[in-house]
Amino acid sequence: MLTTKTFIKKTKKGSIIKIVREHYLRDDITCGCQSCTICDKNDVKPLESKPVNKSKLCKKSHYLILDTNVVFHQIDVVEDPSIQNVIVLQTVLEEIRHRSAPAYKRVKDFIANPDKHFYTFCNEFNKDTYVERQKGESANDRNDRAIREASLWYKRHLEDHASEDIDIVLLTNDEDNRTKAKAEGLQSFTVQEYVKSLKDCGSIVDRLSSTGSHMKFGDKIMYPEHLPLSTIQRGIKTGKYLQGSYMASRENYLEANVSVHDQDRMIFVQGHQNLNRAVKDDIVAIELLPEEEWSCPSSMVLEETEEKADEDNMEIEEKQMRKNKVPKELRQPTGKIVGIIKRNWRQYCGILQPSALKESTRHIFTPADRRIPRIRIETRQAHDLASQRIVVAIDNWPRNSRYPQGHFVRKLGNIGDKDTENEVLLLEHDVPHSKFSEAVLSFLPKMPWSITDEDRKKRRDLRHIDICSVDPPGCTDIDDALHCRELDNGNLEVGVHIADVSHFIRPGNAMDKEAAKRGTTVYLVDNRIDMVPELLSSNLCSLRSNVERFAFSVLWEMTKEAEIVKIDFTKSIILSKASLTYAEAQMRIDDPAMTDNTTKSLRWLNKLAKILKQRRIDNGALTLASSEVRFNIDSETHDPIDVQTKQIRDTNSMVEEFMLLANVATAEKTLREFPNCAMLRRHPAPPPSNFEPLIKAAESKGFKLDVSKGKTFADSIKGAVIPNDPYFNTMLRMMATRCMMQAVYFCSGMLPESEYFHYGLAAPIYTHFTSPIRRYSDIIVHRLLAVCIGADTSYPDLLEKHKSQLLSNNLNYRHKMAQYAGRASVNLHTHIFFKNRAVDEEGYVLFIRKNALQILIPKYGLEGTLYINKEKSGVTFTFNEEENTQSCGDVTLHVFDRVVIQISIDRSNVQHLKLCLKLVKPEISGFSVPPAPKQDIKEESKDEPPKKKIKT
């Protein structure tokens, strides 16, 4: 034992406790070198016995020791396969762990890679390498001294005991640390010196972070200085500054909003100076401007041009915005960013725009996400990378640079290649999509698997009941099944049967941790990223017909007027009699010749569902709309061959109503038993400002929407009907969807009961129980419900409200990213579909901007931007902001007007291939669009299925 330290601590209750900390040192910690003659031979020794010398700076073979900043800032270099035989000191590893959890995980991953020959040395517990912090010495200086001391020990140890001649090289960019290391007899270089000295260094030089070595951009200061963190913290305490998350605009690169923490308010930010080098998702400090300087979002759709946007352009933009004084009634709270509290930079996908100068190594990288600024990088591979999708990381953003600085990380594949573009959208939306590890797969049931007699004793046998499932075409992960039958007393028994995934995924094992990390299954147009391995998702947990399956069942006794008499929850064994699509179920219901038990069950379910739905609507539940499409995919090329809007039948609503009923029932049961740790789902009411565009649009057609309450809103939107334009109400409901807040999971013990309400469903309490194959939240709810009915045991994390809330936060993030990834996949396949087509289609004006119209094309479920400035359209329109119209000659366009649009693909920007819309009708005098060639697009036959359909 080296030291004992005793601390006296006073608890919240006022009692005094003594804390003793002891530090032990050892003399048997192995060095990890294969050629060492004295260290324990039984330990794994990852360091090669004679490392290959690749550096021109070092005469002998050597091992590398890196200081903390090299590992942290140059992690992409350290990950490169050419960097091998590295000793990672415990001092460094602990510093990384405290600074960044993601960086720590990456370091642990490449340490575990046997091909890298990395070794973790516990220098803090070795009696020859541990150093005490000296009086007056900073923690950073003490750690630098510990790293040098460990390096010297290794040097002497290998000189005395290694059978090969091996040296130690310390890499550090700290000049003082490097000078002291050299004075003590160590070889020490900067990471840049060492990397550039490697033979065949190739792309590894491009991976060097520019942190600490700014490029030269001139002396002109373009942005205000960020305030120190200490000043920001004092300002936040006094209320001078506000803290929030930076949310860049999708439509205007000069605008953003800051979501202020713990408040519903959003602060608007406009202009380069006020945006002040913030990047999407950064945590920023913002200062409110005087009220007379408040502004509002521009009515223009403004995209950053591909040409060089230099400081002169910045000045023009700033002057233009200062001219545009906003009327008082339109102003929003507006501020300026005064500092960055936390950078949330990640790696970004995109393409390289090579410099026009042939010999230049400095180039511009354009991210795929429009909300991320372009990035300056240095690379010697510009010619090879010009046709590739690549990944780049941001290093810093100096005040005198128009763009942030970054470095090349890796290439993904050719631009336009579908596999590459799918990889981009998964990376951009942070979707975990690697194959399941062997550790995860080891917890799968051994095949062949079957239900045992012991299983039957623990579950209710429902195999005799005529249960069936109803799902979209091609669905293989069947979560739910239903039944309805008449009882002897004249009432009905209704059952919702949900796949019992929690039986196969036990708390805390590798499969459970992986499912919790993924959070949800992600549905792409041509692929599905499963939350759990396919053996479970498409086989053992899928409630397929004619096979016995474990289920968690909710059974109601109901009157024929859908009044609930009693409810029962049970673990069960079921045998589904049919796996139907929505269309097949609808045909059974509508065919009077079919009188089998399954069809009778469907008819009763359909009748009850209509009563339940009307009851919900009467209580104020919203019926909204969205544009959803289904692609028919060619089975050989996997390209889309047709696009269709999703058809909604009564059977869709039937399934939905009983899933809602089961979710509400489960929420009530789990909250009653576990008031502090139930996992629930809430939908906050939107702030009134969210409804302003919708109210204005409805008023343009003579309708007044009452948004004061959910019930009045639902009633007023229901009454907004134009008899000769049935699609008007659908568009109004689509616009209403955009006004909504995000529904989120939460732990019941973390919020007051008044905040449990689900606005969209008008339900006081709600959760997710019905899709455990594709949502981890449902697995947690299953576990809670199983404890409620005595079917399973609890475990500590399930009942700890803080851990449940952390889990909920991750699930909310994963759910949101999965939605965005699904939409991005639809956009990608839409672009592929229209790649060689130009089609004239009917559309509707959804929003009117100063220089563009947002057009909805119902047939394809598409929304696109129709630019109407002279440069884009060839004609001049006049924008009337007060009446929200665009006029050209005798043609005036209003919101909801019907138009004919020609759709094609704009290939002028390979980074962002986008839909190009041209106005065909109403016809503008002196302007015409060539008619689109007739397309040979096959309509889907009702009798013949398409080549391949994938659930989207």
# chains A, B, ... in the order shown; residues from 1 in each chain; ligands from 1
>>> residues_around(residues="region 494-511 of chain A", least_positions_apart="5", cutoff="6 Å", atoms="only C-alpha atoms", output="count of residues only")
17
>>> atom_distance(atom1="CA of Glu421 (chain A)", atom2="CA of Ala248 (chain A)")
23.1 Å
>>> residues_around(residues="region 170-184 of chain A", least_positions_apart="5", cutoff="9 Å", atoms="only C-alpha atoms", output="PDB file with N, CA and C atoms, in the first residue's frame")
ATOM      1  N   TYR A  63       8.592   0.971 -30.132  1.00  0.00           N
ATOM      2  CA  TYR A  63       7.197   1.052 -29.718  1.00  0.00           C
ATOM      3  C   TYR A  63       6.855   2.522 -29.536  1.00  0.00           C
ATOM      4  N   LEU A  64       5.566   2.849 -29.745  1.00  0.00           N
ATOM      5  CA  LEU A  64       5.094   4.219 -29.564  1.00  0.00           C
ATOM      6  C   LEU A  64       4.361   4.372 -28.233  1.00  0.00           C
ATOM      7  N   ILE A  65       4.619   5.496 -27.568  1.00  0.00           N
ATOM      8  CA  ILE A  65       3.801   5.917 -26.421  1.00  0.00           C
ATOM      9  C   ILE A  65       3.236   7.282 -26.776  1.00  0.00           C
ATOM     10  N   LEU A  66       1.917   7.450 -26.628  1.00  0.00           N
ATOM     11  CA  LEU A  66       1.233   8.672 -27.027  1.00  0.00           C
ATOM     12  C   LEU A  66       0.701   9.396 -25.795  1.00  0.00           C
ATOM     13  N   ASP A  67       0.814  10.735 -25.803  1.00  0.00           N
ATOM     14  CA  ASP A  67       0.191  11.460 -24.697  1.00  0.00           C
ATOM     15  C   ASP A  67      -1.310  11.606 -24.953  1.00  0.00           C
ATOM     16  N   THR A  68      -2.029  12.126 -23.971  1.00  0.00           N
ATOM     17  CA  THR A  68      -3.502  12.156 -24.040  1.00  0.00           C
ATOM     18  C   THR A  68      -4.009  12.959 -25.222  1.00  0.00           C
ATOM     19  N   ASN A  69      -3.426  14.136 -25.462  1.00  0.00           N
ATOM     20  CA  ASN A  69      -3.938  15.000 -26.528  1.00  0.00           C
ATOM     21  C   ASN A  69      -3.717  14.386 -27.905  1.00  0.00           C
ATOM     22  N   VAL A  70      -2.646  13.639 -28.076  1.00  0.00           N
ATOM     23  CA  VAL A  70      -2.418  12.967 -29.359  1.00  0.00           C
ATOM     24  C   VAL A  70      -3.516  11.931 -29.600  1.00  0.00           C
ATOM     25  N   ASP A 141       0.356  18.844 -15.557  1.00  0.00           N
ATOM     26  CA  ASP A 141       1.812  18.676 -15.483  1.00  0.00           C
ATOM     27  C   ASP A 141       2.182  17.358 -14.811  1.00  0.00           C
ATOM     28  N   ASP A 144       1.685  14.640 -17.422  1.00  0.00           N
ATOM     29  CA  ASP A 144       2.778  14.660 -18.400  1.00  0.00           C
ATOM     30  C   ASP A 144       4.029  14.005 -17.809  1.00  0.00           C
ATOM     31  N   ARG A 145       4.296  14.295 -16.526  1.00  0.00           N
ATOM     32  CA  ARG A 145       5.473  13.710 -15.867  1.00  0.00           C
ATOM     33  C   ARG A 145       5.299  12.201 -15.724  1.00  0.00           C
ATOM     34  N   ILE A 147       3.632  10.263 -17.750  1.00  0.00           N
ATOM     35  CA  ILE A 147       3.824   9.675 -19.082  1.00  0.00           C
ATOM     36  C   ILE A 147       5.312   9.574 -19.403  1.00  0.00           C
ATOM     37  N   ARG A 148       6.081  10.615 -19.072  1.00  0.00           N
ATOM     38  CA  ARG A 148       7.542  10.571 -19.320  1.00  0.00           C
ATOM     39  C   ARG A 148       8.193   9.504 -18.453  1.00  0.00           C
ATOM     40  N   SER A 151       7.553   6.155 -19.889  1.00  0.00           N
ATOM     41  CA  SER A 151       8.334   5.991 -21.117  1.00  0.00           C
ATOM     42  C   SER A 151       9.788   5.647 -20.791  1.00  0.00           C
ATOM     43  N   LEU A 152      10.357   6.324 -19.787  1.00  0.00           N
ATOM     44  CA  LEU A 152      11.740   6.054 -19.374  1.00  0.00           C
ATOM     45  C   LEU A 152      11.865   4.647 -18.799  1.00  0.00           C
ATOM     46  N   PHE A 189       8.753  13.164 -30.721  1.00  0.00           N
ATOM     47  CA  PHE A 189       8.401  13.943 -31.912  1.00  0.00           C
ATOM     48  C   PHE A 189       6.948  14.397 -31.803  1.00  0.00           C
ATOM     49  N   THR A 190       6.615  15.392 -32.623  1.00  0.00           N
ATOM     50  CA  THR A 190       5.194  15.717 -32.777  1.00  0.00           C
ATOM     51  C   THR A 190       4.555  14.625 -33.626  1.00  0.00           C
ATOM     52  N   VAL A 191       3.231  14.497 -33.516  1.00  0.00           N
ATOM     53  CA  VAL A 191       2.554  13.477 -34.307  1.00  0.00           C
ATOM     54  C   VAL A 191       2.654  13.789 -35.799  1.00  0.00           C
ATOM     55  N   GLN A 192       2.663  15.090 -36.143  1.00  0.00           N
ATOM     56  CA  GLN A 192       2.803  15.470 -37.561  1.00  0.00           C
ATOM     57  C   GLN A 192       4.170  15.051 -38.095  1.00  0.00           C
ATOM     58  N   TYR A 194       6.125  12.668 -37.007  1.00  0.00           N
ATOM     59  CA  TYR A 194       6.238  11.210 -37.089  1.00  0.00           C
ATOM     60  C   TYR A 194       5.445  10.653 -38.268  1.00  0.00           C
ATOM     61  N   GLY A 212      -4.504  22.928 -33.425  1.00  0.00           N
ATOM     62  CA  GLY A 212      -3.209  23.431 -32.976  1.00  0.00           C
ATOM     63  C   GLY A 212      -2.298  23.865 -34.093  1.00  0.00           C
TER      64      GLY A 212
END
>>> select_by_dssp(residues="region 317-532 of chain A", states="helix (DSSP H, G or I)", output="ChimeraX atom specification")
/A:317-323,328-330,382-385,418-428,438-441,453-458,501-503,510-518
>>> residues_around(residues="Arg331 (chain A)", least_positions_apart="2", cutoff="12 Å", atoms="only C-alpha atoms", output="JSON, numbers by chain")
{"A": [267, 268, 269, 289, 290, 291, 292, 293, 294, 295, 296, 297, 298, 324, 325, 326, 327, 328, 329, 333, 334, 335, 689]}
>>> select_by_dssp(residues="region 490-736 of chain A", states="strand (DSSP E or B)", output="count of residues only")
58
>>> atom_distance(atom1="CA of Ala662 (chain A)", atom2="CA of Asn619 (chain A)")
17.9 Å
>>> closest_residue(among="A:Ala685, A:Ile364, A:Ala714, A:Ile337", to="Ala743 (chain A)", atoms="only C-alpha atoms")
A:Ala685
>>> closest_residue(among="A:Leu680, A:Val629, A:Ile17, A:Ala852", to="Val826 (chain A)", atoms="only C-alpha atoms")
A:Val629
>>> residues_around(residues="Val107 (chain A)", least_positions_apart="5", cutoff="9 Å", atoms="only C-alpha atoms", output="tab-separated table (two decimals) with C-alpha atoms, in the first residue's frame")
chain	number	residue	atom	x	y	z
A	71	VAL	CA	-4.87	10.13	-28.72
A	75	ILE	CA	-7.80	9.51	-32.97
A	78	VAL	CA	-4.26	6.36	-34.25
A	79	GLU	CA	-7.03	4.14	-35.69
A	93	LEU	CA	-6.85	6.04	-20.88
A	96	ILE	CA	-9.80	10.04	-22.29
A	102	PRO	CA	-17.43	8.10	-27.48
A	112	ALA	CA	-9.00	-4.88	-28.52
>>> closest_residue(among="A:Ala585, A:Ile340, A:Ile375, A:Leu441", to="Ser653 (chain A)", atoms="only C-alpha atoms")
A:Ala585
>>> residues_around(residues="Gln886 (chain A)", least_positions_apart="2", cutoff="10 Å", atoms="only C-alpha atoms", output="PyMOL selection string")
chain A and resi 848-853+868+876-881+883-884+888+891-895
>>> write_last_selection(atoms="N, CA and C atoms", output="mmCIF file, in the first residue's frame")
data_model
loop_
_atom_site.group_PDB
_atom_site.id
_atom_site.type_symbol
_atom_site.label_atom_id
_atom_site.label_comp_id
_atom_site.auth_asym_id
_atom_site.auth_seq_id
_atom_site.Cartn_x
_atom_site.Cartn_y
_atom_site.Cartn_z
ATOM 1 N N ILE A 848 -46.100 29.227 -49.661
ATOM 2 C CA ILE A 848 -45.605 30.242 -50.592
ATOM 3 C C ILE A 848 -44.481 31.017 -49.922
ATOM 4 N N ARG A 849 -43.317 31.031 -50.582
ATOM 5 C CA ARG A 849 -42.157 31.786 -50.098
ATOM 6 C C ARG A 849 -41.906 32.962 -51.041
ATOM 7 N N LYS A 850 -40.957 33.784 -50.645
ATOM 8 C CA LYS A 850 -40.662 34.973 -51.442
ATOM 9 C C LYS A 850 -40.115 34.601 -52.815
ATOM 10 N N ASN A 851 -39.336 33.532 -52.878
ATOM 11 C CA ASN A 851 -38.711 33.155 -54.146
ATOM 12 C C ASN A 851 -39.031 31.725 -54.566
ATOM 13 N N ALA A 852 -40.022 31.089 -53.913
ATOM 14 C CA ALA A 852 -40.290 29.679 -54.228
ATOM 15 C C ALA A 852 -41.683 29.279 -53.745
ATOM 16 N N LEU A 853 -42.147 28.167 -54.286
ATOM 17 C CA LEU A 853 -43.385 27.535 -53.841
ATOM 18 C C LEU A 853 -43.057 26.122 -53.378
ATOM 19 N N ILE A 868 -39.217 30.348 -58.249
ATOM 20 C CA ILE A 868 -39.922 31.231 -59.177
ATOM 21 C C ILE A 868 -39.212 32.578 -59.329
ATOM 22 N N THR A 876 -40.701 36.492 -64.196
ATOM 23 C CA THR A 876 -40.663 37.275 -62.973
ATOM 24 C C THR A 876 -42.014 37.208 -62.262
ATOM 25 N N PHE A 877 -41.992 36.720 -61.019
ATOM 26 C CA PHE A 877 -43.188 36.693 -60.184
ATOM 27 C C PHE A 877 -43.113 37.830 -59.161
ATOM 28 N N THR A 878 -44.264 38.257 -58.681
ATOM 29 C CA THR A 878 -44.332 39.294 -57.651
ATOM 30 C C THR A 878 -44.939 38.685 -56.392
ATOM 31 N N PHE A 879 -44.204 38.829 -55.271
ATOM 32 C CA PHE A 879 -44.628 38.245 -53.999
ATOM 33 C C PHE A 879 -45.423 39.271 -53.202
ATOM 34 N N ASN A 880 -46.653 38.903 -52.818
ATOM 35 C CA ASN A 880 -47.478 39.738 -51.949
ATOM 36 C C ASN A 880 -47.475 39.106 -50.568
ATOM 37 N N GLU A 881 -46.659 39.658 -49.660
ATOM 38 C CA GLU A 881 -46.477 39.046 -48.345
ATOM 39 C C GLU A 881 -47.757 39.113 -47.521
ATOM 40 N N GLU A 883 -50.961 39.138 -48.532
ATOM 41 C CA GLU A 883 -51.968 38.180 -48.990
ATOM 42 C C GLU A 883 -51.394 36.784 -49.210
ATOM 43 N N ASN A 884 -50.063 36.659 -49.077
ATOM 44 C CA ASN A 884 -49.371 35.382 -49.237
ATOM 45 C C ASN A 884 -49.663 34.771 -50.611
ATOM 46 N N CYS A 888 -47.857 36.554 -61.607
ATOM 47 C CA CYS A 888 -47.125 36.810 -62.844
ATOM 48 C C CYS A 888 -48.162 37.033 -63.949
ATOM 49 N N VAL A 891 -51.842 35.566 -63.895
ATOM 50 C CA VAL A 891 -51.861 34.355 -63.060
ATOM 51 C C VAL A 891 -51.465 34.714 -61.630
ATOM 52 N N THR A 892 -52.313 34.352 -60.658
ATOM 53 C CA THR A 892 -52.001 34.547 -59.236
ATOM 54 C C THR A 892 -52.139 33.202 -58.525
ATOM 55 N N LEU A 893 -51.088 32.829 -57.808
ATOM 56 C CA LEU A 893 -51.066 31.542 -57.119
ATOM 57 C C LEU A 893 -51.275 31.747 -55.624
ATOM 58 N N HIS A 894 -52.207 30.942 -55.048
ATOM 59 C CA HIS A 894 -52.511 30.980 -53.623
ATOM 60 C C HIS A 894 -52.150 29.620 -53.012
ATOM 61 N N VAL A 895 -52.098 29.597 -51.681
ATOM 62 C CA VAL A 895 -51.932 28.323 -50.971
ATOM 63 C C VAL A 895 -53.128 27.424 -51.300
#
>>> closest_residue(among="A:Arg402, A:Asp526, A:Lys571, A:Pro686", to="Ile633 (chain A)", atoms="only C-alpha atoms")
A:Asp526
>>> closest_residue(among="A:Tyr776, A:Phe569, A:Phe72, A:Trp397", to="Arg343 (chain A)", atoms="only C-alpha atoms")
A:Trp397
>>> residues_around(residues="Tyr766 (chain A)", least_positions_apart="4", cutoff="6 Å", atoms="only C-alpha atoms", output="list in words")
Val664, Ala667, Leu680 and Arg681 of chain A
>>> write_last_selection(atoms="C-alpha atoms", output="short mmCIF file (atom, residue, chain, number, x, y, z; two decimals), in the first residue's frame")
data_model
loop_
_atom_site.label_atom_id
_atom_site.label_comp_id
_atom_site.auth_asym_id
_atom_site.auth_seq_id
_atom_site.Cartn_x
_atom_site.Cartn_y
_atom_site.Cartn_z
CA VAL A 664 -53.59 2.49 -22.88
CA ALA A 667 -50.02 2.04 -19.32
CA LEU A 680 -44.79 5.96 -20.63
CA ARG A 681 -45.14 8.02 -23.79
#
>>> atom_distance(atom1="CA of Arg142 (chain A)", atom2="CA of Phe121 (chain A)")
17.5 Å
>>> closest_residue(among="A:Val839, A:Ala146, A:Met300, A:Leu846", to="Leu917 (chain A)", atoms="only C-alpha atoms")
A:Val839
